[in-house]
Number of protein chains: 2
Amino acid sequence: MSAPRFGSLRDGPSPVAQGSETFTELAHAGGARVERIASRAVRQGEWYEQGWAEFVLLVQGGAILAFADGTSHALSPGDWAHLPAKCRHRVAATAADGETIWLAVHFPPEA
Amino acid sequence: MSAPRFGSLRDGPSPVAQGSETFTELAHAGGARVERIASRAVRQGEWYEQGWAEFVLLVQGGAILAFADGTSHALSPGDWAHLPAKCRHRVAATAADGETIWLAVHFPPEA
């Protein structure tokens, strides 16, 4: 099993419905997962509080992440966020026009 | 330890010397690592054969990955490659002009 695989973040389930997100696993190994996320005009997404750390890179579009302490953080293409395990967060908004594309890395769950 | 961290792939060691690469760890957890790589006009980079799988996303610039069987694969922004453990590969070239920026995910080493 040593053959590489290739793809593009431009390819994915399409069209993404207004206000929703699609999640596509691209690779996994050793308990870690890499995922493509496509969001369209999300408003007040659901809260997440995971038992593992997550790294997200905003590739296209724009988004605002919100946290349980009331703070928020805007992301433009090239911006990333590292969310430790148990860091309660949600997507407060993504760009009104077009798709917002993310690459997400889910680290192995903590022991 | 639940505070998120933020950054941008636009920020990194600069300038990258002609023909060379810089590696910056952005996050790690559970044996997995996320890294920013900046390459400038690399030609015939060194061969890698790792005991873990790696996922790379080309974010800016362009590159050609080469493999031990003689095949190669060109990457443009948004393109990704998943390299299983033991998949011998190297960067054959990156764009002659400007920096090529990658996000690399190193999965936990296989048992």
# chains A, B, ... in the order shown; residues from 1 in each chain; ligands from 1
call {"tool": "select_by_dssp", "arguments": {"residues": "chain A", "states": "strand (DSSP E)", "output": "PyMOL selection string"}}
result
chain A and resi 5-8+21-29+32-39+54-60+63-67+72-75+79-83+89-94+100-106
call {"tool": "interface_residues", "arguments": {"of": "chain B", "to": "chain A", "cutoff": "10 Å", "atoms": "only C-alpha atoms", "output": "PyMOL selection string"}}
result
chain B and resi 1-11+26-34+52-60+67+73-89+101+103+105-111
call {"tool": "write_last_selection", "arguments": {"atoms": "C-alpha atoms", "output": "short mmCIF file (atom, residue, chain, number, x, y, z; two decimals), in the first residue's frame"}}
result
data_model
loop_
_atom_site.label_atom_id
_atom_site.label_comp_id
_atom_site.auth_asym_id
_atom_site.auth_seq_id
_atom_site.Cartn_x
_atom_site.Cartn_y
_atom_site.Cartn_z
CA MET B 1 -5.38 24.42 27.99
CA SER B 2 -8.39 25.31 25.91
CA ALA B 3 -7.37 28.59 24.30
CA PRO B 4 -7.40 28.60 20.51
CA ARG B 5 -4.44 29.89 18.51
CA PHE B 6 -4.55 31.71 15.18
CA GLY B 7 -2.14 32.47 12.39
CA SER B 8 -1.73 32.89 8.66
CA LEU B 9 0.19 30.84 6.13
CA ARG B 10 1.27 34.20 4.66
CA ASP B 11 3.49 34.65 7.74
CA LEU B 26 2.06 25.06 13.50
CA ALA B 27 0.42 22.46 15.76
CA HIS B 28 0.87 18.94 17.08
CA ALA B 29 -1.20 16.51 19.13
CA GLY B 30 -1.46 12.75 19.57
CA GLY B 31 1.57 12.03 17.42
CA ALA B 32 0.32 14.05 14.43
CA ARG B 33 1.88 17.33 13.27
CA VAL B 34 0.76 20.19 11.05
CA TRP B 52 4.36 7.67 8.51
CA ALA B 53 1.77 8.91 6.05
CA GLU B 54 1.80 12.54 4.96
CA PHE B 55 -0.87 14.76 3.44
CA VAL B 56 0.20 17.91 1.61
CA LEU B 57 -1.93 20.76 0.28
CA LEU B 58 -0.40 23.19 -2.19
CA VAL B 59 -1.65 26.63 -1.13
CA GLN B 60 0.34 29.04 -3.33
CA PHE B 67 8.14 9.15 -7.13
CA HIS B 73 2.58 14.77 -10.53
CA ALA B 74 2.13 18.54 -10.89
CA LEU B 75 0.34 20.45 -8.12
CA SER B 76 -1.42 23.82 -8.45
CA PRO B 77 -3.07 25.83 -5.65
CA GLY B 78 -5.86 23.77 -4.10
CA ASP B 79 -4.32 20.45 -5.16
CA TRP B 80 -3.43 17.88 -2.52
CA ALA B 81 -1.48 14.64 -2.32
CA HIS B 82 -1.71 11.81 0.20
CA LEU B 83 1.58 9.97 0.55
CA PRO B 84 1.31 6.66 2.43
CA ALA B 85 4.08 5.58 4.79
CA LYS B 86 7.12 4.27 2.86
CA CYS B 87 6.08 6.09 -0.31
CA ARG B 88 9.43 7.30 -1.59
CA HIS B 89 9.07 10.79 -3.03
CA ILE B 101 3.54 27.53 0.21
CA LEU B 103 0.40 22.86 4.40
CA VAL B 105 0.05 16.99 7.82
CA HIS B 106 2.29 14.27 9.24
CA PHE B 107 0.15 11.42 10.52
CA PRO B 108 1.23 9.44 13.60
CA PRO B 109 3.97 6.91 12.80
CA GLU B 110 2.60 3.45 12.08
CA ALA B 111 3.00 0.85 14.83
#
call {"tool": "residues_around", "arguments": {"residues": "Ala95 in chain B", "least_positions_apart": "5", "cutoff": "9 Å", "atoms": "only C-alpha atoms", "output": "mmCIF file with C-alpha atoms, in the first residue's frame"}}
result
data_model
loop_
_atom_site.group_PDB
_atom_site.id
_atom_site.type_symbol
_atom_site.label_atom_id
_atom_site.label_comp_id
_atom_site.auth_asym_id
_atom_site.auth_seq_id
_atom_site.Cartn_x
_atom_site.Cartn_y
_atom_site.Cartn_z
ATOM 1 C CA SER B 39 9.854 26.521 -0.951
ATOM 2 C CA ARG B 40 11.612 28.796 -3.397
ATOM 3 C CA ALA B 41 12.680 27.521 -6.806
ATOM 4 C CA VAL B 42 13.567 24.039 -5.537
ATOM 5 C CA GLY B 61 2.778 28.672 -6.226
ATOM 6 C CA GLY B 62 3.300 25.364 -7.977
ATOM 7 C CA ALA B 63 5.275 22.147 -7.629
ATOM 8 C CA ILE B 64 6.081 18.798 -9.154
ATOM 9 C CA THR B 100 5.505 28.034 -3.008
#
call {"tool": "calpha_fit_and_write", "arguments": {"fixed": "chain B", "moving": "chain A", "output": "PDB file with C-alpha atoms, in the first residue's frame"}}
result
ATOM      1  CA  MET A   1      -5.451  24.421  28.030  1.00  0.00           C
ATOM      2  CA  SER A   2      -8.440  25.306  25.905  1.00  0.00           C
ATOM      3  CA  ALA A   3      -7.396  28.592  24.292  1.00  0.00           C
ATOM      4  CA  PRO A   4      -7.413  28.585  20.502  1.00  0.00           C
ATOM      5  CA  ARG A   5      -4.443  29.869  18.516  1.00  0.00           C
ATOM      6  CA  PHE A   6      -4.553  31.703  15.189  1.00  0.00           C
ATOM      7  CA  GLY A   7      -2.145  32.458  12.385  1.00  0.00           C
ATOM      8  CA  SER A   8      -1.723  32.876   8.664  1.00  0.00           C
ATOM      9  CA  LEU A   9       0.202  30.837   6.133  1.00  0.00           C
ATOM     10  CA  ARG A  10       1.273  34.187   4.663  1.00  0.00           C
ATOM     11  CA  ASP A  11       3.487  34.648   7.729  1.00  0.00           C
ATOM     12  CA  GLY A  12       6.715  32.700   8.004  1.00  0.00           C
ATOM     13  CA  PRO A  13      10.484  32.828   7.901  1.00  0.00           C
ATOM     14  CA  SER A  14      11.363  35.204   5.088  1.00  0.00           C
ATOM     15  CA  PRO A  15      12.977  35.487   2.669  1.00  0.00           C
ATOM     16  CA  VAL A  16      13.426  31.838   1.787  1.00  0.00           C
ATOM     17  CA  ALA A  17      16.739  31.380  -0.018  1.00  0.00           C
ATOM     18  CA  GLN A  18      16.669  30.427  -3.685  1.00  0.00           C
ATOM     19  CA  GLY A  19      16.601  26.626  -4.048  1.00  0.00           C
ATOM     20  CA  SER A  20      15.705  25.978  -0.417  1.00  0.00           C
ATOM     21  CA  GLU A  21      12.769  25.232   1.886  1.00  0.00           C
ATOM     22  CA  THR A  22      11.729  26.279   5.382  1.00  0.00           C
ATOM     23  CA  PHE A  23       9.625  24.154   7.722  1.00  0.00           C
ATOM     24  CA  THR A  24       7.536  25.634  10.552  1.00  0.00           C
ATOM     25  CA  GLU A  25       5.480  23.505  12.935  1.00  0.00           C
ATOM     26  CA  LEU A  26       2.058  25.062  13.507  1.00  0.00           C
ATOM     27  CA  ALA A  27       0.420  22.463  15.758  1.00  0.00           C
ATOM     28  CA  HIS A  28       0.874  18.947  17.090  1.00  0.00           C
ATOM     29  CA  ALA A  29      -1.196  16.511  19.138  1.00  0.00           C
ATOM     30  CA  GLY A  30      -1.453  12.750  19.576  1.00  0.00           C
ATOM     31  CA  GLY A  31       1.584  12.033  17.425  1.00  0.00           C
ATOM     32  CA  ALA A  32       0.339  14.052  14.430  1.00  0.00           C
ATOM     33  CA  ARG A  33       1.892  17.329  13.267  1.00  0.00           C
ATOM     34  CA  VAL A  34       0.776  20.190  11.051  1.00  0.00           C
ATOM     35  CA  GLU A  35       3.528  22.123   9.342  1.00  0.00           C
ATOM     36  CA  ARG A  36       3.925  25.104   7.027  1.00  0.00           C
ATOM     37  CA  ILE A  37       6.467  24.624   4.247  1.00  0.00           C
ATOM     38  CA  ALA A  38       7.783  27.461   2.098  1.00  0.00           C
ATOM     39  CA  SER A  39       9.858  26.528  -0.946  1.00  0.00           C
ATOM     40  CA  ARG A  40      11.627  28.810  -3.397  1.00  0.00           C
ATOM     41  CA  ALA A  41      12.691  27.525  -6.814  1.00  0.00           C
ATOM     42  CA  VAL A  42      13.580  24.051  -5.537  1.00  0.00           C
ATOM     43  CA  ARG A  43      15.232  21.772  -8.103  1.00  0.00           C
ATOM     44  CA  GLN A  44      15.620  18.043  -7.483  1.00  0.00           C
ATOM     45  CA  GLY A  45      14.934  18.095  -3.746  1.00  0.00           C
ATOM     46  CA  GLU A  46      16.125  15.276  -1.530  1.00  0.00           C
ATOM     47  CA  TRP A  47      14.321  11.925  -1.448  1.00  0.00           C
ATOM     48  CA  TYR A  48      12.056  11.142   1.515  1.00  0.00           C
ATOM     49  CA  GLU A  49      10.880   7.733   2.660  1.00  0.00           C
ATOM     50  CA  GLN A  50       9.018   8.148   5.929  1.00  0.00           C
ATOM     51  CA  GLY A  51       7.602   5.699   8.450  1.00  0.00           C
ATOM     52  CA  TRP A  52       4.348   7.671   8.514  1.00  0.00           C
ATOM     53  CA  ALA A  53       1.774   8.904   6.047  1.00  0.00           C
ATOM     54  CA  GLU A  54       1.811  12.549   4.960  1.00  0.00           C
ATOM     55  CA  PHE A  55      -0.858  14.772   3.441  1.00  0.00           C
ATOM     56  CA  VAL A  56       0.221  17.911   1.601  1.00  0.00           C
ATOM     57  CA  LEU A  57      -1.910  20.759   0.274  1.00  0.00           C
ATOM     58  CA  LEU A  58      -0.391  23.182  -2.188  1.00  0.00           C
ATOM     59  CA  VAL A  59      -1.634  26.617  -1.134  1.00  0.00           C
ATOM     60  CA  GLN A  60       0.349  29.037  -3.320  1.00  0.00           C
ATOM     61  CA  GLY A  61       2.781  28.674  -6.226  1.00  0.00           C
ATOM     62  CA  GLY A  62       3.300  25.360  -7.977  1.00  0.00           C
ATOM     63  CA  ALA A  63       5.280  22.150  -7.639  1.00  0.00           C
ATOM     64  CA  ILE A  64       6.079  18.798  -9.164  1.00  0.00           C
ATOM     65  CA  LEU A  65       6.299  15.723  -6.920  1.00  0.00           C
ATOM     66  CA  ALA A  66       8.338  12.783  -8.206  1.00  0.00           C
ATOM     67  CA  PHE A  67       8.132   9.149  -7.138  1.00  0.00           C
ATOM     68  CA  ALA A  68      10.473   6.170  -7.071  1.00  0.00           C
ATOM     69  CA  ASP A  69       8.647   4.468  -9.961  1.00  0.00           C
ATOM     70  CA  GLY A  70       9.565   7.333 -12.269  1.00  0.00           C
ATOM     71  CA  THR A  71       6.144   8.976 -12.278  1.00  0.00           C
ATOM     72  CA  SER A  72       5.556  12.587 -11.350  1.00  0.00           C
ATOM     73  CA  HIS A  73       2.576  14.770 -10.534  1.00  0.00           C
ATOM     74  CA  ALA A  74       2.127  18.529 -10.890  1.00  0.00           C
ATOM     75  CA  LEU A  75       0.338  20.462  -8.127  1.00  0.00           C
ATOM     76  CA  SER A  76      -1.416  23.827  -8.454  1.00  0.00           C
ATOM     77  CA  PRO A  77      -3.059  25.824  -5.661  1.00  0.00           C
ATOM     78  CA  GLY A  78      -5.862  23.766  -4.100  1.00  0.00           C
ATOM     79  CA  ASP A  79      -4.320  20.445  -5.162  1.00  0.00           C
ATOM     80  CA  TRP A  80      -3.422  17.885  -2.513  1.00  0.00           C
ATOM     81  CA  ALA A  81      -1.473  14.628  -2.325  1.00  0.00           C
ATOM     82  CA  HIS A  82      -1.713  11.820   0.198  1.00  0.00           C
ATOM     83  CA  LEU A  83       1.572   9.960   0.548  1.00  0.00           C
ATOM     84  CA  PRO A  84       1.297   6.658   2.424  1.00  0.00           C
ATOM     85  CA  ALA A  85       4.064   5.586   4.784  1.00  0.00           C
ATOM     86  CA  LYS A  86       7.103   4.265   2.857  1.00  0.00           C
ATOM     87  CA  CYS A  87       6.065   6.082  -0.312  1.00  0.00           C
ATOM     88  CA  ARG A  88       9.424   7.295  -1.590  1.00  0.00           C
ATOM     89  CA  HIS A  89       9.061  10.793  -3.023  1.00  0.00           C
ATOM     90  CA  ARG A  90      10.761  14.092  -3.584  1.00  0.00           C
ATOM     91  CA  VAL A  91       9.997  17.608  -4.715  1.00  0.00           C
ATOM     92  CA  ALA A  92      11.298  17.633  -8.289  1.00  0.00           C
ATOM     93  CA  ALA A  93      10.634  21.352  -8.705  1.00  0.00           C
ATOM     94  CA  THR A  94       8.745  24.337  -7.326  1.00  0.00           C
ATOM     95  CA  ALA A  95       7.751  27.527  -9.144  1.00  0.00           C
ATOM     96  CA  ALA A  96      10.717  29.564 -10.384  1.00  0.00           C
ATOM     97  CA  ASP A  97       9.156  32.840  -9.246  1.00  0.00           C
ATOM     98  CA  GLY A  98       8.053  33.617  -5.711  1.00  0.00           C
ATOM     99  CA  GLU A  99       7.418  31.288  -2.818  1.00  0.00           C
ATOM    100  CA  THR A 100       5.511  28.035  -3.013  1.00  0.00           C
ATOM    101  CA  ILE A 101       3.544  27.528   0.208  1.00  0.00           C
ATOM    102  CA  TRP A 102       2.356  24.144   1.456  1.00  0.00           C
ATOM    103  CA  LEU A 103       0.406  22.861   4.404  1.00  0.00           C
ATOM    104  CA  ALA A 104       1.695  19.429   5.437  1.00  0.00           C
ATOM    105  CA  VAL A 105       0.051  16.984   7.825  1.00  0.00           C
ATOM    106  CA  HIS A 106       2.297  14.272   9.242  1.00  0.00           C
ATOM    107  CA  PHE A 107       0.155  11.417  10.528  1.00  0.00           C
ATOM    108  CA  PRO A 108       1.243   9.429  13.609  1.00  0.00           C
ATOM    109  CA  PRO A 109       3.994   6.903  12.784  1.00  0.00           C
ATOM    110  CA  GLU A 110       2.612   3.425  12.088  1.00  0.00           C
ATOM    111  CA  ALA A 111       2.984   0.880  14.862  1.00  0.00           C
TER     112      ALA A 111
END
call {"tool": "decode", "arguments": {"residues": "range 81-95 of chain A", "atoms": "N, CA and C atoms", "output": "PDB file, in the first residue's frame"}}
result
ATOM      1  N   ALA A  81      -6.641  28.237  12.280  1.00  0.00           N
ATOM      2  CA  ALA A  81      -6.949  28.228  13.712  1.00  0.00           C
ATOM      3  C   ALA A  81      -6.645  26.846  14.264  1.00  0.00           C
ATOM      4  N   HIS A  82      -6.025  26.818  15.429  1.00  0.00           N
ATOM      5  CA  HIS A  82      -5.826  25.553  16.139  1.00  0.00           C
ATOM      6  C   HIS A  82      -6.740  25.548  17.354  1.00  0.00           C
ATOM      7  N   LEU A  83      -7.633  24.572  17.388  1.00  0.00           N
ATOM      8  CA  LEU A  83      -8.638  24.474  18.442  1.00  0.00           C
ATOM      9  C   LEU A  83      -8.291  23.282  19.313  1.00  0.00           C
ATOM     10  N   PRO A  84      -7.827  23.527  20.540  1.00  0.00           N
ATOM     11  CA  PRO A  84      -7.495  22.397  21.422  1.00  0.00           C
ATOM     12  C   PRO A  84      -8.736  21.557  21.719  1.00  0.00           C
ATOM     13  N   ALA A  85      -8.509  20.337  22.178  1.00  0.00           N
ATOM     14  CA  ALA A  85      -9.624  19.506  22.641  1.00  0.00           C
ATOM     15  C   ALA A  85     -10.420  20.284  23.683  1.00  0.00           C
ATOM     16  N   LYS A  86     -11.730  20.118  23.667  1.00  0.00           N
ATOM     17  CA  LYS A  86     -12.650  20.749  24.637  1.00  0.00           C
ATOM     18  C   LYS A  86     -12.827  22.245  24.422  1.00  0.00           C
ATOM     19  N   CYS A  87     -12.282  22.763  23.344  1.00  0.00           N
ATOM     20  CA  CYS A  87     -12.461  24.196  23.054  1.00  0.00           C
ATOM     21  C   CYS A  87     -13.804  24.361  22.346  1.00  0.00           C
ATOM     22  N   ARG A  88     -14.788  24.844  23.088  1.00  0.00           N
ATOM     23  CA  ARG A  88     -16.140  24.966  22.541  1.00  0.00           C
ATOM     24  C   ARG A  88     -16.162  26.084  21.496  1.00  0.00           C
ATOM     25  N   HIS A  89     -16.659  25.753  20.304  1.00  0.00           N
ATOM     26  CA  HIS A  89     -16.626  26.737  19.218  1.00  0.00           C
ATOM     27  C   HIS A  89     -17.764  26.472  18.238  1.00  0.00           C
ATOM     28  N   ARG A  90     -18.033  27.480  17.435  1.00  0.00           N
ATOM     29  CA  ARG A  90     -18.944  27.274  16.315  1.00  0.00           C
ATOM     30  C   ARG A  90     -18.599  28.228  15.181  1.00  0.00           C
ATOM     31  N   VAL A  91     -19.120  27.917  14.010  1.00  0.00           N
ATOM     32  CA  VAL A  91     -18.995  28.821  12.875  1.00  0.00           C
ATOM     33  C   VAL A  91     -20.139  29.821  12.993  1.00  0.00           C
ATOM     34  N   ALA A  92     -19.789  31.077  13.310  1.00  0.00           N
ATOM     35  CA  ALA A  92     -20.829  32.101  13.466  1.00  0.00           C
ATOM     36  C   ALA A  92     -21.366  32.531  12.106  1.00  0.00           C
ATOM     37  N   ALA A  93     -20.468  32.541  11.102  1.00  0.00           N
ATOM     38  CA  ALA A  93     -20.901  32.947   9.762  1.00  0.00           C
ATOM     39  C   ALA A  93     -19.846  32.537   8.749  1.00  0.00           C
ATOM     40  N   THR A  94     -20.306  32.272   7.508  1.00  0.00           N
ATOM     41  CA  THR A  94     -19.369  32.184   6.377  1.00  0.00           C
ATOM     42  C   THR A  94     -19.861  33.138   5.293  1.00  0.00           C
ATOM     43  N   ALA A  95     -18.977  33.413   4.340  1.00  0.00           N
ATOM     44  CA  ALA A  95     -19.249  34.415   3.300  1.00  0.00           C
ATOM     45  C   ALA A  95     -20.637  34.226   2.689  1.00  0.00           C
TER      46      ALA A  95
END
